[in-house]
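Asks: Just final25.tsv, nothing more (TSV, C-alpha atoms):
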chain	number	residue	atom	x	y	z
A	13	MET	CA	-5.07	3.65	31.60
A	14	ASN	CA	-2.21	4.14	29.17
A	15	ALA	CA	-1.36	7.68	28.22
A	16	LEU	CA	-2.13	8.75	24.65
A	17	LYS	CA	0.96	8.76	22.47
A	18	THR	CA	1.71	9.22	18.81
A	19	THR	CA	4.46	7.06	17.38
A	20	PRO	CA	7.10	8.85	15.31
A	21	ILE	CA	7.20	7.71	11.74
A	22	VAL	CA	9.92	5.15	11.10
A	23	THR	CA	11.31	4.75	7.61
A	24	ALA	CA	11.38	1.36	5.97
A	25	SER	CA	15.17	1.43	5.96
A	26	ALA	CA	15.23	1.52	9.73
A	27	LEU	CA	13.58	-1.91	9.83
A	28	THR	CA	15.23	-3.61	6.88
A	29	THR	CA	16.89	-6.97	7.40
A	30	SER	CA	17.81	-9.71	5.00
A	31	ALA	CA	14.46	-11.27	5.87
A	32	THR	CA	12.66	-8.43	4.09
A	33	SER	CA	15.20	-7.30	1.48
A	34	PRO	CA	16.79	-9.36	-1.29
A	35	SER	CA	20.58	-9.72	-1.12
A	36	ARG	CA	23.03	-8.95	-3.90
A	37	ALA	CA	25.29	-11.72	-5.09
A	38	ASP	CA	28.29	-10.07	-3.46
A	39	ASP	CA	26.61	-9.50	-0.10
A	40	PRO	CA	28.12	-11.43	2.82
A	41	PRO	CA	26.00	-14.38	3.96
A	42	THR	CA	23.66	-13.75	6.89
A	43	HIS	CA	21.81	-15.96	9.34
A	44	MET	CA	18.47	-15.05	7.75
A	45	THR	CA	17.12	-15.89	4.30
A	46	PRO	CA	14.47	-14.03	2.30
A	47	THR	CA	10.93	-14.89	3.35
A	48	ARG	CA	8.87	-16.88	0.87
A	49	VAL	CA	5.16	-16.09	0.85
A	50	HIS	CA	2.95	-18.93	-0.36
A	51	HIS	CA	-0.30	-18.28	-2.23
A	52	ARG	CA	-2.73	-21.08	-1.55
A	53	ALA	CA	-6.39	-22.06	-1.64
A	54	VAL	CA	-8.43	-24.46	0.45
A	55	GLU	CA	-11.99	-25.70	0.06
A	56	VAL	CA	-14.26	-24.42	2.83
A	57	ASN	CA	-18.00	-25.13	2.77
A	58	GLY	CA	-17.90	-25.66	-0.97
A	59	LEU	CA	-15.93	-22.46	-1.62
A	60	ASP	CA	-12.32	-21.98	-2.69
A	61	ILE	CA	-10.79	-19.69	-0.06
A	62	PHE	CA	-7.54	-18.10	-1.16
A	63	TYR	CA	-4.93	-17.21	1.43
A	64	ARG	CA	-1.37	-15.99	1.80
A	65	GLU	CA	0.86	-17.82	4.24
A	66	ALA	CA	4.45	-17.39	5.37
A	67	GLY	CA	6.70	-18.22	8.28
A	68	PRO	CA	7.38	-21.37	10.31
A	69	ASN	CA	4.30	-23.49	11.02
A	70	ASP	CA	5.41	-23.97	14.64
A	71	ALA	CA	5.87	-20.23	15.28
A	72	PRO	CA	3.24	-18.02	16.98
A	73	THR	CA	0.43	-17.37	14.52
A	74	ILE	CA	-0.98	-14.03	13.39
A	75	LEU	CA	-4.29	-14.14	11.49
A	76	LEU	CA	-4.70	-11.06	9.27
A	77	LEU	CA	-8.28	-10.07	8.40
A	78	HIS	CA	-8.67	-7.49	5.65
A	79	GLY	CA	-11.14	-4.69	4.99
A	80	PHE	CA	-13.23	-3.31	2.14
A	81	PRO	CA	-12.72	-2.98	-0.81
A	82	THR	CA	-9.49	-4.92	-0.73
A	83	SER	CA	-8.29	-8.42	0.17
A	84	SER	CA	-5.21	-10.12	1.60
A	85	HIS	CA	-3.35	-7.98	-0.96
A	86	MET	CA	-3.36	-5.22	1.67
A	87	PHE	CA	-0.97	-7.37	3.75
A	88	ARG	CA	1.47	-8.16	0.92
A	89	ASN	CA	4.26	-6.12	2.55
A	90	LEU	CA	3.42	-6.79	6.21
A	91	ILE	CA	3.54	-10.58	5.83
A	92	PRO	CA	7.25	-10.83	4.91
A	93	ALA	CA	8.08	-8.18	7.51
A	94	LEU	CA	6.76	-10.52	10.24
A	95	ALA	CA	7.30	-14.01	8.84
A	96	ASP	CA	10.90	-14.53	9.97
A	97	ARG	CA	9.52	-14.89	13.50
A	98	TYR	CA	5.78	-15.54	13.11
A	99	HIS	CA	3.47	-17.83	11.18
A	100	VAL	CA	1.34	-15.35	9.25
A	101	VAL	CA	-1.93	-16.24	7.49
A	102	ALA	CA	-4.20	-13.88	5.53
A	103	PRO	CA	-7.38	-15.21	3.83
A	104	ASP	CA	-9.62	-13.52	1.28
A	105	TYR	CA	-13.32	-13.58	2.21
A	106	PRO	CA	-15.91	-14.98	-0.22
A	107	GLY	CA	-16.62	-12.27	-2.78
A	108	PHE	CA	-13.23	-10.63	-2.25
A	109	GLY	CA	-9.80	-11.01	-3.79
A	110	ASN	CA	-9.04	-14.45	-5.21
A	111	SER	CA	-11.63	-16.42	-3.24
A	112	SER	CA	-14.84	-17.79	-4.72
A	113	ALA	CA	-17.50	-15.16	-5.40
A	114	PRO	CA	-20.80	-16.99	-5.87
A	115	PRO	CA	-23.77	-14.78	-6.80
A	116	ILE	CA	-26.01	-13.50	-4.03
A	117	GLU	CA	-28.66	-16.06	-5.02
A	118	ARG	CA	-26.27	-18.86	-4.00
A	119	PHE	CA	-24.50	-17.40	-0.98
A	120	GLU	CA	-25.58	-15.26	1.97
A	121	TYR	CA	-23.29	-12.23	2.04
A	122	THR	CA	-23.57	-11.20	5.68
A	123	PHE	CA	-21.01	-10.64	8.38
A	124	ASP	CA	-22.45	-13.56	10.32
A	125	ASN	CA	-21.92	-15.88	7.37
A	126	LEU	CA	-18.47	-14.56	6.44
A	127	SER	CA	-17.37	-15.06	10.02
A	128	ARG	CA	-18.60	-18.65	9.85
A	129	VAL	CA	-16.52	-19.19	6.72
A	130	VAL	CA	-13.43	-17.66	8.34
A	131	ASP	CA	-14.01	-19.81	11.44
A	132	ALA	CA	-14.22	-22.94	9.27
A	133	PHE	CA	-11.14	-21.77	7.36
A	134	THR	CA	-9.07	-21.53	10.55
A	135	GLU	CA	-10.07	-25.07	11.47
A	136	LYS	CA	-9.38	-26.38	7.98
A	137	VAL	CA	-5.82	-25.01	7.96
A	138	GLY	CA	-5.19	-25.94	11.62
A	139	LEU	CA	-5.07	-22.55	13.36
A	140	THR	CA	-5.85	-23.23	17.01
A	141	ARG	CA	-4.19	-20.18	18.64
A	142	PHE	CA	-3.55	-16.84	16.99
A	143	ALA	CA	-3.22	-13.12	17.40
A	144	LEU	CA	-5.90	-11.30	15.41
A	145	TYR	CA	-5.04	-8.35	13.18
A	146	VAL	CA	-8.32	-6.66	12.20
A	147	GLN	CA	-8.99	-3.72	9.89
A	148	ASP	CA	-12.30	-2.31	8.65
A	149	TYR	CA	-14.50	-5.34	7.74
A	150	GLY	CA	-11.96	-7.55	9.51
A	151	ALA	CA	-13.05	-6.15	12.88
A	152	PRO	CA	-16.67	-7.39	12.89
A	153	ILE	CA	-15.53	-10.70	11.40
A	154	GLY	CA	-12.66	-11.10	13.85
A	155	PHE	CA	-14.61	-10.03	16.92
A	156	ARG	CA	-17.35	-12.55	16.13
A	157	LEU	CA	-14.60	-15.15	15.97
A	158	ALA	CA	-13.12	-13.98	19.28
A	159	VAL	CA	-16.46	-14.08	21.09
A	160	LYS	CA	-17.07	-17.62	19.83
A	161	HIS	CA	-13.55	-18.88	20.61
A	162	PRO	CA	-11.98	-16.61	23.23
A	163	GLU	CA	-9.50	-19.34	24.16
A	164	ARG	CA	-7.96	-19.17	20.69
A	165	VAL	CA	-7.13	-15.45	20.65
A	166	THR	CA	-3.72	-14.57	22.07
A	167	ALA	CA	-3.84	-10.85	21.29
A	168	LEU	CA	-5.66	-8.17	19.28
A	169	ILE	CA	-4.04	-5.84	16.77
A	170	VAL	CA	-6.64	-3.24	15.77
A	171	GLN	CA	-6.00	-0.95	12.81
A	172	ASN	CA	-8.96	1.27	11.94
A	173	GLY	CA	-11.49	-1.38	12.90
A	174	ASN	CA	-14.52	-0.35	14.94
A	175	ALA	CA	-16.29	-1.78	17.99
A	176	TYR	CA	-17.80	1.38	19.54
A	177	ALA	CA	-20.66	3.77	18.75
A	178	GLU	CA	-18.21	6.68	18.82
A	179	GLY	CA	-16.55	5.25	15.71
A	180	ILE	CA	-19.69	5.54	13.55
A	181	ALA	CA	-20.99	8.90	14.74
A	182	SER	CA	-19.51	11.10	11.99
A	183	ASP	CA	-21.34	12.58	8.99
A	184	PHE	CA	-19.85	9.87	6.78
A	185	TRP	CA	-22.21	7.36	8.35
A	186	VAL	CA	-25.47	9.32	7.86
A	187	PRO	CA	-26.31	7.88	4.41
A	188	VAL	CA	-25.01	4.46	5.44
A	189	LYS	CA	-27.35	4.35	8.43
A	190	ALA	CA	-30.23	5.45	6.20
A	191	TYR	CA	-29.46	2.46	3.98
A	192	TRP	CA	-29.46	0.11	6.95
A	193	LYS	CA	-32.84	1.42	8.04
A	194	ASP	CA	-34.60	1.37	4.67
A	195	ARG	CA	-33.06	-0.46	1.73
A	196	THR	CA	-34.49	1.33	-1.30
A	197	GLU	CA	-33.13	2.54	-4.63
A	198	ALA	CA	-32.89	6.03	-3.12
A	199	THR	CA	-30.82	4.96	-0.11
A	200	MET	CA	-28.83	2.55	-2.27
A	201	ALA	CA	-27.65	5.24	-4.70
A	202	PRO	CA	-25.02	6.73	-2.35
A	203	MET	CA	-23.80	3.20	-1.57
A	204	ARG	CA	-23.20	2.50	-5.26
A	205	LYS	CA	-20.81	5.46	-5.33
A	206	PHE	CA	-18.62	3.62	-2.79
A	207	LEU	CA	-17.96	1.01	-5.48
A	208	SER	CA	-16.49	3.44	-8.04
A	209	LEU	CA	-12.83	3.86	-8.95
A	210	GLU	CA	-12.95	7.40	-7.57
A	211	ALA	CA	-14.14	6.12	-4.18
A	212	THR	CA	-11.56	3.33	-4.11
A	213	LYS	CA	-8.72	5.76	-4.82
A	214	TRP	CA	-10.11	8.14	-2.18
A	215	GLN	CA	-10.00	5.42	0.47
A	216	TYR	CA	-6.29	4.94	-0.18
A	217	LEU	CA	-5.30	8.57	-0.60
A	218	HIS	CA	-7.46	10.59	1.80
A	219	GLY	CA	-5.60	11.62	4.95
A	220	VAL	CA	-2.14	10.46	3.87
A	221	ARG	CA	0.93	12.68	4.25
A	222	ASP	CA	2.43	11.84	0.87
A	223	PRO	CA	0.03	10.67	-1.86
A	224	GLU	CA	2.96	9.86	-4.15
A	225	ALA	CA	4.09	7.21	-1.65
A	226	ILE	CA	0.84	5.25	-2.19
A	227	SER	CA	1.10	2.71	-4.99
A	228	PRO	CA	-1.62	2.81	-7.68
A	229	ASP	CA	-1.32	-0.98	-7.69
A	230	ASN	CA	-3.82	-0.86	-4.81
A	231	TRP	CA	-6.79	0.43	-6.80
A	232	ASN	CA	-5.58	-1.28	-9.96
A	233	VAL	CA	-5.92	-4.59	-8.08
A	234	ASP	CA	-9.09	-3.80	-6.11
A	235	GLN	CA	-11.21	-2.06	-8.74
A	236	PRO	CA	-11.27	-4.78	-11.43
A	237	LEU	CA	-12.44	-7.21	-8.74
A	238	LEU	CA	-15.15	-4.77	-7.62
A	239	ASP	CA	-16.21	-4.41	-11.26
A	240	ARG	CA	-16.72	-8.13	-11.85
A	241	PRO	CA	-20.26	-9.03	-13.01
A	242	GLY	CA	-22.47	-9.49	-9.95
A	243	ASN	CA	-19.96	-8.05	-7.50
A	244	ALA	CA	-21.83	-4.77	-7.04
A	245	GLU	CA	-24.76	-6.75	-5.61
A	246	ILE	CA	-22.36	-8.63	-3.31
A	247	GLN	CA	-20.85	-5.42	-1.96
A	248	LEU	CA	-24.23	-3.73	-1.55
A	249	ALA	CA	-25.36	-6.75	0.48
A	250	MET	CA	-22.27	-6.45	2.68
A	251	LEU	CA	-22.76	-2.71	3.18
A	252	HIS	CA	-26.33	-3.39	4.29
A	253	SER	CA	-25.20	-6.23	6.56
A	254	TYR	CA	-22.78	-3.85	8.29
A	255	GLY	CA	-25.88	-2.63	10.11
A	256	SER	CA	-25.87	-5.93	12.01
A	257	ASN	CA	-22.62	-4.99	13.72
A	258	PRO	CA	-23.51	-2.06	16.04
A	259	PRO	CA	-26.08	-4.15	17.98
A	260	LEU	CA	-23.21	-6.55	18.77
A	261	TYR	CA	-20.87	-3.86	20.12
A	262	PRO	CA	-21.97	-4.48	23.76
A	263	GLU	CA	-21.21	-8.20	23.34
A	264	TRP	CA	-17.76	-7.49	21.91
A	265	GLN	CA	-17.02	-4.99	24.65
A	266	ALA	CA	-18.08	-7.54	27.26
A	267	TYR	CA	-15.60	-9.96	25.68
A	268	PHE	CA	-12.85	-7.34	26.01
A	269	ARG	CA	-13.67	-6.78	29.69
A	270	GLU	CA	-13.98	-10.46	30.59
A	271	HIS	CA	-11.08	-11.97	28.66
A	272	GLN	CA	-8.69	-8.98	28.54
A	273	PRO	CA	-6.68	-9.93	25.46
A	274	PRO	CA	-3.53	-7.79	25.16
A	275	ALA	CA	-4.25	-5.18	22.50
A	276	LEU	CA	-2.19	-3.07	20.14
A	277	ILE	CA	-4.09	-0.14	18.63
A	278	VAL	CA	-2.39	1.24	15.50
A	279	TRP	CA	-4.81	3.70	13.94
A	280	GLY	CA	-4.59	6.08	11.00
A	281	LYS	CA	-5.91	9.16	12.77
A	282	ASN	CA	-6.92	10.98	9.55
A	283	ASP	CA	-9.40	8.28	8.54
A	284	THR	CA	-12.82	9.70	7.66
A	285	ILE	CA	-14.52	6.29	7.65
A	286	PHE	CA	-13.28	5.10	11.05
A	287	PRO	CA	-12.01	8.26	12.74
A	288	ALA	CA	-9.81	8.34	15.80
A	289	ALA	CA	-12.92	8.79	17.97
A	290	GLY	CA	-13.43	5.03	17.56
A	291	ALA	CA	-9.93	4.15	18.71
A	292	ASP	CA	-9.78	5.60	22.20
A	293	PRO	CA	-12.80	3.68	23.65
A	294	TYR	CA	-10.86	0.41	23.49
A	295	ARG	CA	-8.91	1.72	26.49
A	296	ARG	CA	-12.13	1.83	28.52
A	297	ASP	CA	-12.51	-1.95	28.41
A	298	LEU	CA	-9.00	-3.31	27.92
A	299	LYS	CA	-6.28	-3.06	30.56
A	300	ASP	CA	-3.19	-4.09	28.59
A	301	VAL	CA	-3.23	-1.68	25.65
A	302	GLU	CA	-0.52	-0.11	23.55
A	303	PHE	CA	-2.06	2.85	21.76
A	304	HIS	CA	-0.68	4.65	18.70
A	305	LEU	CA	-2.34	7.21	16.46
A	306	LEU	CA	-0.44	7.49	13.19
A	307	ASP	CA	-0.53	10.53	10.91
A	308	THR	CA	-2.10	8.75	7.96
A	309	GLY	CA	-5.42	7.52	6.61
A	310	HIS	CA	-7.69	4.49	6.39
A	311	PHE	CA	-5.15	2.08	4.89
A	312	ALA	CA	-2.35	2.91	7.32
A	313	LEU	CA	-0.19	0.02	6.13
A	314	GLU	CA	0.34	1.74	2.79
A	315	GLU	CA	2.17	4.71	4.32
A	316	ASP	CA	3.31	3.41	7.71
A	317	GLY	CA	3.70	-0.32	7.17
A	318	ALA	CA	7.28	-0.31	8.47
A	319	THR	CA	6.19	1.44	11.66
A	320	ILE	CA	3.28	-0.96	12.18
A	321	ALA	CA	5.49	-4.01	11.61
A	322	MET	CA	7.97	-2.71	14.19
A	323	LEU	CA	5.17	-2.06	16.69
A	324	ILE	CA	3.66	-5.52	16.19
A	325	ARG	CA	6.99	-7.24	16.70
A	326	GLY	CA	7.75	-5.28	19.86
A	327	PHE	CA	4.22	-5.73	21.24
A	328	LEU	CA	4.15	-9.51	20.74
A	329	GLU	CA	7.75	-10.07	21.86
A	330	LYS	CA	7.26	-8.17	25.11
A	331	ARG	CA	4.30	-10.39	25.94
A	332	ALA	CA	5.94	-13.62	24.73
A	333	ILE	CA	2.82	-14.30	22.65
A	334	GLY	CA	2.88	-17.89	21.44
A	335	ASN	CA	0.69	-20.86	20.56
A	336	THR	CA	0.92	-22.63	23.89
A	337	THR	CA	-2.16	-22.47	26.08
A	338	PRO	CA	-1.34	-20.51	29.29
Written as structure tokens, how would this file's structure read?
Replies:
Amino acid sequence: MNALKTTPIVTASALTTSATSPSRADDPPTHMTPTRVHHRAVEVNGLDIFYREAGPNDAPTILLLHGFPTSSHMFRNLIPALADRYHVVAPDYPGFGNSSAPPIERFEYTFDNLSRVVDAFTEKVGLTRFALYVQDYGAPIGFRLAVKHPERVTALIVQNGNAYAEGIASDFWVPVKAYWKDRTEATMAPMRKFLSLEATKWQYLHGVRDPEAISPDNWNVDQPLLDRPGNAEIQLAMLHSYGSNPPLYPEWQAYFREHQPPALIVWGKNDTIFPAAGADPYRRDLKDVEFHLLDTGHFALEEDGATIAMLIRGFLEKRAIGNTTP
């Protein structure tokens, strides 16, 4: 078992290359050019699924799966930090970001169904082998995908994404579990508060070292999408469906033990939603684990994105992670 370690914070300047920073006209030429991120959409099961894509198509692929209440926007800085060497793809789920958001009467907003859409998306855009980066909602979606197609997953990168009972044992989850058990107006009322601007800002700012380092663009992008007509019902359906995930934890853990994907754990240790108690259990079931608790909150990329990019690059390079079947 790997010893617990906390990674020192690395400033963005320590990782800057011409692949992630624009050059001045008088800069000397370099062997690298600025990364271009493409913003695309593809039809999947009658839905328009938006995604961000960058990097060479023949490079090792990283599939980035976002959390609530955001979208692929949460990866806007990580993508160019990886795309000089990796093919990076980040979709928006139905009901999130720039993807289609049909009303609940026309689409089943459950984690089972969203995982089916993401599975069909990967096939539509030709992703046959990939490392999975999962955060928050991305974990139950990504782990369903991994259990269904273990041969496709080259590695796991887990950032505040839960697969263990220890990760949902805090007081935060008491009203959520009540909502899972009995979906009434009374149990739904605390869930509606999760959809407010105050709650969205809290998710980004709670537990961070320097709130002034967190861009308000985050909640100014997320909240108008949450406030779209009909979206509250979509998100309430998803919050209720989250109750379908804990019964699958034993299946996901069995996948970890049987298939032993290399895993990088990069976890904001001050997260109230998915506290550090949910990070350590991964080391019970996985043998090849790099483990880092970062002194930040739920959306660790906002404060420690440079550190996480550096850790991902080192983790994948050491293991020569690629698209070729072993």
Asks: Atom CA of A:Lys205 and atom CA of A:Leu305 are how many Å apart?
Replies: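 So the answer is 28.6 Å.
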Asks: Would you please work out which residue, of A:Gly173, A:Gly154, A:Pro114, A:Gly309, is nearest to A:Asp292 when using all atoms listed in the file?
Replies: A:Gly173
Asks: Considering only C-alpha atoms, tabulate each residue of stretch 234-320 of chain A that lies at most 9 Å from stretch 215-228 of chain A along with its nearest interatomic pair and the corresponding distance in Å to one decimal; arrange the rows by chain and ascending residue number and present them as CSV.
Replies:
residue,atom,partner,partner_atom,distance
A:Gly280,CA,A:Gly219,CA,8.3
A:Lys281,CA,A:Gly219,CA,8.2
A:Asn282,CA,A:Gly219,CA,4.8
A:Asp283,CA,A:Gly219,CA,6.2
A:Thr284,CA,A:Gly219,CA,7.9
A:Ile285,CA,A:Gln215,CA,8.5
A:Asp307,CA,A:Arg221,CA,7.1
A:Thr308,CA,A:Val220,CA,4.4
A:Gly309,CA,A:Gly219,CA,4.4
A:His310,CA,A:Gln215,CA,6.4
A:Phe311,CA,A:Tyr216,CA,5.9
A:Ala312,CA,A:Val220,CA,8.3
A:Glu314,CA,A:Ile226,CA,6.1
A:Glu315,CA,A:Ile226,CA,6.7
Asks: If we count only C-alpha atoms, what is near A:Gly58 at a cut-off of 12 Å, once residues fewer than 2 positions away on the same chain are taken out, given as a PyMOL selection string?
Replies: chain A and resi 54-56+60-61+106+111-114+118-119+129+132-133
Asks: Please indicate the distance in Å from atom CA of A:Val159 to atom CA of A:Phe184, rounded to one decimal place.
Replies: 28.1 Å
Asks: Counting all atoms listed in the file, which residue out of A:Gln265, A:Thr196, A:Gln272, A:Ser253 sits closest to A:Thr122?
Replies: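 Of all the options, A:Ser253 lies closest to A:Thr122.
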Asks: Mind checking which residues fall within 10 Å of A:Met86, counting all atoms listed in the file, ignoring those fewer than 4 positions away in the same chain, and posting them as a compact mmCIF listing (two decimals) with C-alpha atoms, in the frame of the given file?
Replies:
# COMPACT_ATOMS: atom_id res chain seq x y z
CA LEU A 76 -4.70 -11.06 9.27
CA LEU A 77 -8.28 -10.07 8.40
CA HIS A 78 -8.67 -7.49 5.65
CA GLY A 79 -11.14 -4.69 4.99
CA PRO A 81 -12.72 -2.98 -0.81
CA THR A 82 -9.49 -4.92 -0.73
CA LEU A 90 3.42 -6.79 6.21
CA ILE A 91 3.54 -10.58 5.83
CA ALA A 102 -4.20 -13.88 5.53
CA ASN A 230 -3.82 -0.86 -4.81
CA ASP A 234 -9.09 -3.80 -6.11
CA PHE A 311 -5.15 2.08 4.89
CA ALA A 312 -2.35 2.91 7.32
CA LEU A 313 -0.19 0.02 6.13
CA GLU A 314 0.34 1.74 2.79
Asks: Restricting the calculation to all atoms listed in the file: of A:Thr73, A:Thr199, A:Asn257, A:Thr47, which residue gets closest to A:Asp148?
Replies: A:Asn257
Asks: Could you state the separation of atom CA of A:Pro273 and atom CA of A:Gly179 in Å, given to one decimal place?
Replies: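 These two atoms are separated by 20.6 Å.
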Asks: Show which residues sit within 6 Å of A:Phe142, as a PDB file with C-alpha atoms, in the frame of the given file. Count all atoms listed in the file, and ignore same-chain residues fewer than 4 positions away.
Replies:
ATOM      1  CA  THR A  73       0.430 -17.370  14.520  1.00  0.00           C
ATOM      2  CA  ILE A  74      -0.980 -14.030  13.390  1.00  0.00           C
ATOM      3  CA  VAL A 165      -7.130 -15.450  20.650  1.00  0.00           C
ATOM      4  CA  THR A 166      -3.720 -14.570  22.070  1.00  0.00           C
TER       5      THR A 166
END
Asks: Would you please work out which residue, of A:His85, A:Arg141, A:Arg52, A:Arg64, is nearest to A:Asn232 when using only C-alpha atoms?
Replies: A:His85
Asks: At a cut-off of 9 Å, using all atoms listed in the file, what residues contact stretch 95-101 of chain A? Leave out same-chain residues fewer than 3 positions from it and give the result as a list of chain:residue names.
Replies: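 So the residues in contact are A:Ala31, A:Thr32, A:Met44, A:Thr45, A:Pro46, A:Thr47, A:Arg48, A:Val49, A:Tyr63, A:Arg64, A:Glu65, A:Ala66, A:Gly67, A:Pro68, A:Asn69, A:Asp70, A:Ala71, A:Pro72, A:Thr73, A:Ile74, A:Leu75, A:Leu76, A:Leu77, A:Leu90, A:Ile91, A:Pro92, A:Arg325.
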Asks: Please list as a list in words every residue within 8 Å of A:Pro274, counting only C-alpha atoms and excluding residues in the same chain fewer than 3 positions away.
Replies: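 Final neighbour list, sorted by chain and number: Thr166, Ala167, Leu168, Leu298, Lys299, Asp300 and Val301 of chain A.
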Asks: Point out the residue among A:Leu139, A:Ala201, A:Leu126, A:Leu94 with the least atom-to-atom distance to A:Gly107, counting only C-alpha atoms.
Replies: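 Residue with the minimum atom-to-atom distance to A:Gly107: A:Leu126.
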Asks: Can you work out which one of A:Gln247, A:Pro103, A:Phe80, A:Ala332 has the shortest atom-to-atom distance to A:His51, counting only C-alpha atoms?
Replies: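 The shortest atom-to-atom distance to A:His51 comes from A:Pro103.
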